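Okay, protein_23.txt is below, compact mmCIF, C-alpha atoms:
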# COMPACT_ATOMS: atom_id res chain seq x y z
CA MET Z 223 44.16 -94.06 74.74
CA ALA Z 224 46.97 -94.99 77.12
CA LEU Z 225 48.13 -91.54 78.19
CA LEU Z 226 49.34 -91.42 81.79
CA LYS Z 227 50.91 -88.88 84.09
CA TYR Z 228 52.64 -89.09 87.45
CA LYS Z 229 54.05 -86.64 89.95
CA GLY Z 230 56.60 -86.79 92.74
CA VAL Z 231 58.56 -89.73 91.32
CA GLY Z 232 61.90 -89.48 89.53
CA ILE Z 233 65.19 -91.08 88.60
CA ARG Z 234 67.81 -90.61 91.33
CA GLY Z 235 70.64 -92.31 89.43
CA MET Z 236 71.59 -94.55 86.52
CA ALA Z 237 74.44 -96.88 85.63
CA ALA Z 238 75.28 -99.10 82.67
CA ALA Z 239 77.44 -102.13 81.97
CA VAL Z 240 78.71 -103.31 78.59
CA PRO Z 241 80.80 -106.35 77.65
CA SER Z 242 84.51 -105.59 77.26
CA LYS Z 243 84.67 -107.40 73.91
CA VAL Z 244 84.49 -104.85 71.08
CA ILE Z 245 83.47 -105.94 67.58
CA ASN Z 246 84.65 -103.73 64.74
CA ASN Z 247 81.78 -104.03 62.26
CA TYR Z 248 83.94 -103.42 59.16
CA GLU Z 249 85.96 -106.49 60.18
CA TYR Z 250 82.93 -108.67 60.90
CA THR Z 251 83.56 -110.46 57.61
CA GLU Z 252 83.54 -114.17 58.44
CA HIS Z 253 80.36 -114.83 56.47
CA PHE Z 254 80.24 -111.96 53.97
CA LYS Z 255 82.55 -110.23 51.49
CA LYS Z 256 84.45 -107.25 52.86
CA GLU Z 257 83.03 -104.81 50.28
CA ASP Z 258 79.46 -105.94 50.97
CA VAL Z 259 80.03 -105.50 54.69
CA LYS Z 260 81.38 -101.99 54.11
CA GLU Z 261 78.28 -101.04 52.14
CA VAL Z 262 75.98 -102.23 54.95
CA VAL Z 263 78.04 -100.66 57.74
CA ASP Z 264 78.32 -97.30 55.96
CA LYS Z 265 74.55 -97.22 55.50
CA ILE Z 266 73.51 -98.21 59.04
CA GLY Z 267 76.26 -96.21 60.76
CA ILE Z 268 77.04 -98.90 63.33
CA PHE Z 269 80.82 -99.09 63.59
CA GLU Z 270 81.34 -100.94 66.86
CA ARG Z 271 79.30 -103.24 69.06
CA ARG Z 272 79.85 -105.12 72.31
CA PHE Z 273 79.47 -108.91 72.51
CA THR Z 274 79.09 -110.93 75.70
CA ASP Z 275 80.89 -114.27 75.98
CA ASP Z 276 78.91 -117.54 76.04
CA LYS Z 277 78.47 -117.53 79.80
CA THR Z 278 77.46 -113.92 80.47
CA THR Z 279 73.75 -113.10 80.52
CA SER Z 280 71.77 -109.88 80.48
CA SER Z 281 71.21 -110.25 84.23
CA ASP Z 282 75.00 -110.36 84.77
CA LEU Z 283 75.26 -107.02 82.93
CA CYS Z 284 72.40 -105.59 85.00
CA TYR Z 285 73.95 -106.92 88.21
CA ALA Z 286 77.24 -105.15 87.43
CA ALA Z 287 75.40 -101.91 86.63
CA ALA Z 288 73.26 -102.15 89.79
CA GLU Z 289 76.26 -102.85 92.05
CA LYS Z 290 78.05 -99.81 90.60
CA LEU Z 291 75.00 -97.60 91.08
CA LEU Z 292 74.14 -98.75 94.62
CA ASN Z 293 77.77 -98.40 95.73
CA ASP Z 294 78.27 -95.00 94.06
CA LEU Z 295 75.17 -93.64 95.79
CA ASP Z 296 75.82 -95.56 99.03
CA VAL Z 297 72.23 -96.83 99.01
CA ASP Z 298 70.83 -98.71 102.02
CA ARG Z 299 69.64 -101.87 100.26
CA THR Z 300 66.91 -102.54 102.82
CA GLU Z 301 65.15 -99.45 101.43
CA ILE Z 302 64.70 -101.02 97.99
CA GLU Z 303 61.21 -102.46 97.92
CA LEU Z 304 60.56 -102.90 94.20
CA LEU Z 305 62.67 -104.54 91.49
CA ILE Z 306 61.59 -104.93 87.87
CA PHE Z 307 63.83 -106.73 85.38
CA ILE Z 308 63.16 -105.95 81.72
CA SER Z 309 64.44 -108.33 79.07
CA GLN Z 310 63.54 -110.69 76.24
CA THR Z 311 66.79 -112.58 76.87
CA PRO Z 312 66.22 -113.72 80.47
CA ASP Z 313 68.41 -116.30 82.28
CA TYR Z 314 65.77 -119.04 82.32
CA ARG Z 315 62.20 -119.66 81.16
CA MET Z 316 61.50 -119.96 84.87
CA PRO Z 317 61.90 -118.64 87.47
CA ALA Z 318 61.75 -114.93 86.69
CA THR Z 319 65.23 -113.39 86.56
CA SER Z 320 64.13 -110.46 88.76
CA VAL Z 321 63.67 -112.84 91.68
CA ILE Z 322 67.19 -114.22 91.27
CA LEU Z 323 68.52 -110.65 91.14
CA GLN Z 324 66.71 -109.79 94.41
CA ASP Z 325 68.87 -112.32 96.23
CA ARG Z 326 72.04 -111.67 94.27
CA LEU Z 327 71.89 -107.93 95.01
CA GLY Z 328 71.25 -108.58 98.71
CA LEU Z 329 67.78 -107.02 98.72
CA PRO Z 330 65.25 -107.96 101.42
CA ILE Z 331 62.77 -110.81 100.77
CA THR Z 332 60.00 -108.26 101.22
CA THR Z 333 60.99 -106.85 97.79
CA LEU Z 334 58.26 -106.81 95.15
CA ALA Z 335 59.95 -108.35 92.08
CA PHE Z 336 58.84 -109.43 88.61
CA ASP Z 337 59.96 -109.49 84.96
CA LEU Z 338 58.59 -107.45 82.12
CA SER Z 339 58.93 -108.84 78.58
CA LEU Z 340 58.94 -106.24 75.83
CA GLY Z 341 61.59 -105.12 73.35
CA CYS Z 342 62.67 -101.69 72.21
CA SER Z 343 59.75 -99.89 73.88
CA ALA Z 344 60.35 -101.59 77.24
CA PHE Z 345 62.37 -99.04 79.17
CA VAL Z 346 59.63 -96.43 78.77
CA TYR Z 347 56.96 -99.03 79.59
CA GLY Z 348 59.01 -100.13 82.63
CA LEU Z 349 59.38 -96.58 83.89
CA SER Z 350 55.61 -96.07 83.67
CA VAL Z 351 55.03 -99.22 85.76
CA VAL Z 352 57.57 -98.22 88.41
CA TYR Z 353 56.21 -94.66 88.55
CA ALA Z 354 52.66 -95.98 89.00
CA TYR Z 355 53.69 -98.25 91.90
CA MET Z 356 55.74 -95.52 93.53
CA GLU Z 357 53.11 -92.80 93.26
CA LYS Z 358 50.32 -94.96 94.65
CA SER Z 359 52.21 -96.55 97.52
CA GLY Z 360 54.60 -95.96 100.36
CA LEU Z 361 57.44 -97.78 98.62
CA LYS Z 362 60.71 -95.91 99.25
CA LYS Z 363 63.03 -96.93 96.44
CA ALA Z 364 62.83 -99.00 93.26
CA LEU Z 365 65.37 -100.57 90.97
CA LEU Z 366 64.57 -100.82 87.27
CA LEU Z 367 67.02 -103.24 85.66
CA ASN Z 368 67.06 -103.57 81.88
CA GLY Z 369 69.42 -105.94 80.06
CA GLU Z 370 69.67 -107.60 76.65
CA THR Z 371 72.04 -110.00 74.90
CA ARG Z 372 70.51 -109.69 71.45
CA THR Z 373 73.76 -110.79 69.82
CA LYS Z 374 72.78 -114.30 70.94
CA VAL Z 375 69.37 -114.07 69.28
CA TYR Z 376 70.29 -113.38 65.66
CA SER Z 377 72.18 -115.36 63.01
CA ALA Z 378 75.63 -114.11 61.98
CA LYS Z 379 74.78 -115.47 58.50
CA ASP Z 380 71.68 -113.30 58.00
CA ARG Z 381 72.71 -109.91 56.67
CA MET Z 382 69.36 -108.38 57.60
CA THR Z 383 70.36 -108.55 61.27
CA ALA Z 384 74.03 -109.66 61.48
CA PHE Z 385 75.52 -106.18 61.81
CA ILE Z 386 73.01 -104.42 64.03
CA PHE Z 387 72.84 -105.73 67.57
CA GLY Z 388 74.95 -105.28 70.68
CA ASP Z 389 74.70 -106.33 74.34
CA ALA Z 390 74.31 -104.11 77.42
CA GLY Z 391 72.60 -103.77 80.79
CA VAL Z 392 71.46 -100.76 82.82
CA ALA Z 393 70.19 -99.99 86.29
CA ALA Z 394 68.02 -97.04 87.30
CA LEU Z 395 67.26 -96.10 90.91
CA ILE Z 396 63.85 -94.49 91.21
CA GLU Z 397 62.62 -92.55 94.26
CA ARG Z 398 59.64 -90.66 95.56
CA ASP Z 399 60.40 -87.01 96.27
CA LYS Z 400 58.38 -83.81 96.07
CA LYS Z 401 61.13 -82.22 93.96
CA TYR Z 402 60.14 -84.38 90.99
CA ASP Z 403 57.70 -82.66 88.66
CA GLU Z 404 55.07 -84.30 86.44
CA SER Z 405 56.07 -87.00 83.98
CA TYR Z 406 54.01 -88.11 80.99
CA PHE Z 407 53.68 -91.41 79.12
CA SER Z 408 52.07 -92.60 75.89
CA LEU Z 409 51.99 -96.41 75.50
CA ASN Z 410 50.93 -98.30 72.35
CA SER Z 411 50.78 -101.75 70.74
CA ASP Z 412 49.97 -103.26 67.32
CA GLY Z 413 49.85 -107.05 67.37
CA SER Z 414 48.76 -107.22 63.73
CA ARG Z 415 52.43 -106.62 62.97
CA GLU Z 416 53.74 -109.36 65.29
CA SER Z 417 55.61 -111.08 62.46
CA LEU Z 418 57.81 -108.09 61.50
CA ILE Z 419 60.34 -108.86 64.25
CA LYS Z 420 60.11 -112.36 65.63
CA ILE Z 421 61.68 -115.57 66.87
CA ASN Z 422 59.22 -118.08 65.47
CA ALA Z 423 60.14 -121.26 67.32
CA GLY Z 424 61.40 -122.34 70.71
CA GLY Z 425 58.42 -121.06 72.69
CA TYR Z 426 55.22 -122.98 73.32
CA ARG Z 427 53.39 -122.17 70.05
CA ASN Z 428 56.16 -123.81 68.01
CA PRO Z 429 58.24 -125.81 70.50
CA SER Z 430 61.90 -126.56 69.92
CA THR Z 431 62.57 -129.60 67.71
CA VAL Z 432 65.55 -130.90 65.75
CA GLU Z 433 63.96 -129.25 62.71
CA THR Z 434 63.66 -125.78 64.28
CA LEU Z 435 67.37 -125.89 65.14
CA LYS Z 436 68.47 -126.54 61.53
CA GLU Z 437 70.10 -123.72 59.60
CA LYS Z 438 68.25 -122.96 56.38
CA VAL Z 439 68.61 -120.57 53.47
CA VAL Z 440 65.62 -118.28 53.91
CA ASP Z 441 65.56 -115.91 50.93
CA GLU Z 442 66.87 -115.06 47.47
CA TYR Z 443 69.86 -113.24 49.01
CA GLY Z 444 71.16 -116.49 50.55
CA ASN Z 445 70.63 -115.42 54.15
CA ILE Z 446 70.82 -118.32 56.60
CA ARG Z 447 69.19 -118.80 59.99
CA THR Z 448 67.28 -121.30 62.12
CA GLU Z 449 63.67 -120.90 63.19
CA GLU Z 450 64.91 -120.27 66.72
CA GLN Z 451 66.91 -117.24 65.66
CA GLY Z 452 65.43 -113.80 65.30
CA TYR Z 453 64.05 -112.40 62.06
CA MET Z 454 63.42 -108.79 61.14
CA ASN Z 455 61.60 -107.21 58.20
CA GLY Z 456 63.61 -103.99 58.40
CA ALA Z 457 61.76 -102.27 55.54
CA ASP Z 458 58.30 -102.59 57.06
CA VAL Z 459 59.61 -101.71 60.52
CA PHE Z 460 60.97 -98.52 58.94
CA ASN Z 461 57.60 -97.86 57.27
CA PHE Z 462 55.91 -98.31 60.63
CA VAL Z 463 58.37 -96.06 62.47
CA ILE Z 464 58.02 -93.13 60.09
CA ARG Z 465 54.24 -93.44 60.09
CA GLU Z 466 53.53 -93.92 63.81
CA ILE Z 467 56.40 -92.36 65.77
CA PRO Z 468 55.94 -88.73 64.66
CA LYS Z 469 52.22 -89.09 65.52
CA ASP Z 470 53.03 -90.43 68.98
CA ILE Z 471 55.51 -87.64 69.67
CA LYS Z 472 52.89 -85.06 68.70
CA ARG Z 473 50.38 -86.84 70.96
CA ILE Z 474 52.66 -86.84 74.02
CA CYS Z 475 53.69 -83.20 73.48
CA LYS Z 476 50.03 -82.19 73.30
CA TYR Z 477 49.14 -84.24 76.39
CA ALA Z 478 52.04 -82.73 78.35
CA ASP Z 479 51.27 -79.28 76.91
CA LYS Z 480 54.86 -78.86 75.76
CA ASN Z 481 56.38 -77.44 72.63
CA LYS Z 482 58.90 -79.92 71.27
CA ASP Z 483 61.48 -77.16 70.86
CA ASP Z 484 61.35 -76.44 74.62
CA LEU Z 485 62.60 -79.92 75.49
CA ASP Z 486 66.30 -80.27 76.26
CA TYR Z 487 67.04 -83.69 74.73
CA TYR Z 488 65.32 -86.22 72.49
CA VAL Z 489 66.47 -89.75 73.27
CA PHE Z 490 65.32 -92.28 70.67
CA HIS Z 491 65.68 -96.03 70.65
CA GLN Z 492 68.92 -96.62 68.74
CA ALA Z 493 67.63 -98.73 65.82
CA ASN Z 494 70.25 -97.93 63.22
CA ASN Z 495 71.69 -94.60 62.20
CA TYR Z 496 69.80 -94.43 58.90
CA ILE Z 497 66.40 -94.76 60.59
CA ASN Z 498 67.35 -92.49 63.50
CA SER Z 499 68.76 -89.73 61.27
CA TYR Z 500 65.70 -89.83 59.03
CA LEU Z 501 63.35 -89.67 62.02
CA GLY Z 502 65.20 -86.67 63.51
CA LYS Z 503 65.09 -84.89 60.15
CA LYS Z 504 61.40 -85.66 59.62
CA MET Z 505 60.55 -84.31 63.09
CA LYS Z 506 62.71 -81.22 62.42
CA PHE Z 507 64.48 -81.73 65.75
CA ASP Z 508 67.63 -79.78 66.57
CA LYS Z 509 70.38 -82.35 65.88
CA THR Z 510 72.50 -81.15 68.79
CA LYS Z 511 69.71 -82.24 71.15
CA ILE Z 512 69.68 -85.85 69.90
CA PRO Z 513 72.31 -87.88 71.77
CA ALA Z 514 73.36 -91.10 70.01
CA THR Z 515 75.32 -94.25 70.80
CA ILE Z 516 74.32 -96.32 67.78
CA HIS Z 517 77.80 -95.90 66.22
CA LYS Z 518 79.64 -97.43 69.18
CA TYR Z 519 77.21 -99.79 70.94
CA GLY Z 520 74.85 -100.78 68.10
CA ASN Z 521 71.19 -101.58 68.69
CA THR Z 522 70.85 -102.94 72.23
CA SER Z 523 67.03 -103.17 72.01
CA SER Z 524 65.28 -101.76 75.09
CA VAL Z 525 68.61 -100.90 76.72
CA SER Z 526 69.52 -98.38 74.03
CA ILE Z 527 67.57 -95.43 75.51
CA PRO Z 528 68.96 -95.64 79.08
CA LEU Z 529 72.43 -96.61 77.75
CA THR Z 530 72.43 -93.48 75.59
CA ILE Z 531 71.48 -91.36 78.61
CA VAL Z 532 74.27 -92.89 80.73
CA SER Z 533 76.86 -92.65 77.97
CA GLU Z 534 76.06 -89.22 76.54
CA LEU Z 535 74.33 -87.15 79.23
CA LYS Z 536 76.61 -87.72 82.22
CA ASN Z 537 77.12 -84.40 84.07
CA ASN Z 538 74.22 -82.89 82.09
CA LEU Z 539 71.39 -84.01 84.35
CA ILE Z 540 72.27 -82.21 87.60
CA GLU Z 541 70.44 -79.01 86.71
CA GLU Z 542 66.84 -79.66 85.73
CA LYS Z 543 66.45 -81.00 82.20
CA GLU Z 544 63.35 -82.14 80.36
CA LEU Z 545 63.74 -85.15 78.07
CA LEU Z 546 61.63 -86.87 75.45
CA LEU Z 547 62.19 -90.63 75.40
CA CYS Z 548 60.82 -92.69 72.52
CA GLY Z 549 61.16 -96.45 72.04
CA PHE Z 550 59.73 -98.55 69.19
CA GLY Z 551 60.10 -102.08 67.87
CA VAL Z 552 59.22 -105.75 68.37
CA GLY Z 553 55.57 -106.40 69.16
CA LEU Z 554 55.06 -104.07 67.54
CA SER Z 555 55.16 -101.92 70.62
CA TRP Z 556 56.03 -98.26 71.02
CA ALA Z 557 56.11 -95.76 73.84
CA SER Z 558 57.00 -92.11 74.42
CA SER Z 559 57.62 -90.18 77.60
CA ILE Z 560 58.33 -86.61 78.62
CA LEU Z 561 60.04 -86.38 81.99
CA LYS Z 562 62.34 -84.17 83.98
CA PHE Z 563 65.74 -85.13 85.37
CA LYS Z 564 67.23 -83.24 88.30
CA ASP Z 565 70.24 -84.04 90.52
CA THR Z 566 70.47 -87.33 88.64
CA HIS Z 567 73.66 -89.21 89.36
CA ILE Z 568 75.14 -90.98 86.32
CA SER Z 569 77.82 -93.57 87.06
CA ASP Z 570 80.77 -94.31 84.78
CA ILE Z 571 80.07 -97.19 82.39
CA VAL Z 572 81.30 -100.52 83.74
CA GLU Z 573 82.96 -103.08 81.45
CA VAL Z 574 82.24 -106.74 82.22
CA MET Y 335 56.12 -84.72 37.31
CA GLU Y 336 57.57 -87.75 35.49
CA GLU Y 337 60.94 -86.07 35.26
CA LYS Y 338 61.07 -85.21 38.94
CA PHE Y 339 60.14 -88.77 39.86
CA LEU Y 340 62.84 -90.22 37.61
CA GLU Y 341 65.39 -87.88 39.13
CA LEU Y 342 64.44 -88.94 42.67
CA PHE Y 343 64.38 -92.56 41.61
CA LYS Y 344 67.90 -92.37 40.17
CA GLU Y 345 69.12 -90.70 43.34
CA VAL Y 346 67.71 -93.53 45.46
CA PHE Y 347 69.24 -96.16 43.19
CA GLU Y 348 72.50 -94.21 42.84
CA MET Y 349 72.07 -94.35 39.06
CA GLU Y 350 72.57 -90.67 38.29
CA GLY Y 351 73.64 -90.16 34.69
CA GLN Y 352 72.34 -93.56 33.61
CA SER Y 353 69.22 -94.20 31.59
CA VAL Y 354 66.15 -95.43 33.42
CA ASN Y 355 62.91 -96.16 31.54
CA PHE Y 356 59.39 -96.33 32.87
CA THR Y 357 59.10 -99.86 31.53
CA ASP Y 358 62.17 -101.10 33.44
CA ASN Y 359 61.57 -103.63 36.20
CA PHE Y 360 63.27 -101.91 39.12
CA ARG Y 361 64.14 -105.17 40.87
CA ASP Y 362 66.34 -106.07 37.89
CA PHE Y 363 68.75 -103.21 38.61
CA ASP Y 364 71.97 -104.37 40.28
CA GLU Y 365 71.51 -101.57 42.80
CA TRP Y 366 68.24 -103.01 44.15
CA ASP Y 367 68.79 -104.59 47.57
CA SER Y 368 67.55 -104.21 51.14
CA LEU Y 369 69.64 -101.05 51.62
CA THR Y 370 68.24 -99.38 48.50
CA HIS Y 371 64.81 -100.40 49.76
CA LEU Y 372 65.39 -98.27 52.90
CA SER Y 373 66.36 -95.28 50.72
CA LEU Y 374 63.24 -95.81 48.61
CA ILE Y 375 61.05 -95.81 51.73
CA ALA Y 376 62.65 -92.58 52.95
CA MET Y 377 62.21 -90.90 49.55
CA LEU Y 378 58.54 -91.94 49.20
CA ASP Y 379 57.82 -90.63 52.69
CA ASP Y 380 59.81 -87.44 52.31
CA GLU Y 381 58.65 -86.46 48.82
CA TYR Y 382 55.21 -88.05 48.56
CA ASN Y 383 54.21 -88.51 52.20
CA MET Y 384 53.51 -92.15 51.47
CA GLN Y 385 54.47 -95.46 53.05
CA ILE Y 386 54.24 -98.57 50.87
CA GLU Y 387 54.49 -101.75 52.91
CA GLU Y 388 56.02 -104.91 51.48
CA GLU Y 389 52.68 -106.59 50.78
CA GLU Y 390 51.74 -103.66 48.53
CA LEU Y 391 55.20 -103.11 47.05
CA LYS Y 392 55.29 -106.74 45.85
CA LYS Y 393 52.53 -105.88 43.37
CA LEU Y 394 54.57 -103.07 41.83
CA LEU Y 395 57.03 -104.28 39.22
CA THR Y 396 58.10 -101.43 36.95
CA VAL Y 397 59.31 -97.90 37.50
CA GLU Y 398 55.97 -96.80 36.06
CA ASP Y 399 54.03 -98.88 38.63
CA LEU Y 400 55.84 -96.97 41.36
CA PHE Y 401 55.25 -93.64 39.66
CA LYS Y 402 51.52 -94.34 39.28
CA LYS Y 403 51.28 -95.43 42.88
CA VAL Y 404 52.59 -92.11 44.16
CA ASN Y 405 50.72 -89.98 41.63
CA TYR Y 406 47.34 -91.62 41.37

I'd like the structure from this file rewritten - as structure tokens, please.
Amino acid sequence: MALLKYKGVGIRGMAAAVPSKVINNYEYTEHFKKEDVKEVVDKIGIFERRFTDDKTTSSDLCYAAAEKLLNDLDVDRTEIELLIFISQTPDYRMPATSVILQDRLGLPITTLAFDLSLGCSAFVYGLSVVYAYMEKSGLKKALLLNGETRTKVYSAKDRMTAFIFGDAGVAALIERDKKYDESYFSLNSDGSRESLIKINAGGYRNPSTVETLKEKVVDEYGNIRTEEQGYMNGADVFNFVIREIPKDIKRICKYADKNKDDLDYYVFHQANNYINSYLGKKMKFDKTKIPATIHKYGNTSSVSIPLTIVSELKNNLIEEKELLLCGFGVGLSWASSILKFKDTHISDIVEV
Amino acid sequence: MEEKFLELFKEVFEMEGQSVNFTDNFRDFDEWDSLTHLSLIAMLDDEYNMQIEEEELKKLLTVEDLFKKVNY
């Protein structure tokens, strides 16, 4: 069982960048009737989302967030020795986007850099990797960059996914310091459910062809997409979430020897408001301890947990706070963490 | 037991005050769509502590099939 703990490593600061273009979901009616759109939007509780333009990538969003963070904290860039970029919407198939960001951010060529490809669970996974490196080595500082442009992945003509996703990028500066207490991680995967959220073609199993780029009607509801656009079986993802996530939260609480009511905040992946509200209710969590951004930024995949921290917990993480983080989705892959924040700088959100 | 199930079922389908029979095919109701499906999943979990994945749900056609599934 992948239960891990670390000590003496923590998050010094975080920043986020979102596109300046705001989409009002009730007015996202190009392909569907206004009353149908209203019914969907009311149910999922996603009222606004941010869309990048054609040229802007997830690494551009991360770059803007990282610049803001490094400048706000006046960080000596030669002290950054580790950079991990998390995304499933990277700039290129090769090289790794993290390596491009090393140069763009003016980091030394002695920086250890690589990409990590997971979806909604990825920020928690990424933290566990950075913490492991930091605890076991003399590395001074690390940058964890996490960006997604999921609005470019899904079809605007497929109502299963057309109203859910938004774009964003975050940066987290991670340091070694004795003041940081223990942090705990539970990491999981279930590849038997790989087809629940998927882009079927355009990789090397089903390479891109003229056929895979054709729009097709895919179901009895008249939804349209190509094989190179994302697909989601929302119902079975929901079934999975309510079966596995409460178990994983119990597991991590037991491993960390914590009572869930003693934790200060519960930060969930922002899937949609229906799923998140149900999960909070099922876990009997105090609602006031569940920060949310789903209504204004939509589902930004792996970015949604750190984006919610930056957006909703600014000024709340100076005094010591203990948070539960829980991400779940494509893979399927899910991860939970219990960790303390102290003297954590949160930058203002940057618009790109 | 049957009555409670019908009540919960009507709540999910937003068909309160309408007649629903055990022999009805629930996919024929106008209210059945992917959003109602989410409500059904939440109700089955909340009231019956049960998750029915799509593969399994496909085999259930009538209101009675659903009822039997949660009360077998």

May I ask you to extract the residues of chain Y within 9 Å of chain Z, using all atoms listed in the file, and to give them as a ChimeraX atom specification? /Y:367-369,371-373,375-376,379-380,384-388

So how many Å separate atom CA of Z:Thr383 and atom CA of Z:Leu545, to one decimal?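 If I compute the distance from atom CA of Z:Thr383 to atom CA of Z:Leu545, I get 29.6 Å.
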
For Z:Gly553, please output as a list in words all residues within 9 Å (counting only C-alpha atoms; exclusion window: fewer than 4 positions along the same chain).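 The residues that qualify are Leu340, Gly341, Ser411, Asp412, Gly413, Ser414, Arg415, Glu416, Ser417, Leu418, Ile419 and Lys420 of chain Z.
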
In Å to one decimal, how far is atom CA of Z:Gln492 from atom CA of Z:Ala318? 26.6 Å

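Our summary of the geometry notes that atom CA of Z:Asn495 is positioned 11.8 Å from atom CA of Z:Ile512.
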
Z:Val439, Z:Cys342, Z:Val321, Z:Leu329 ranked by distance to Z:Lys379, top pick (using all atoms listed in the file):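 Checking each candidate against Z:Lys379, we get Z:Val439 as the closest.
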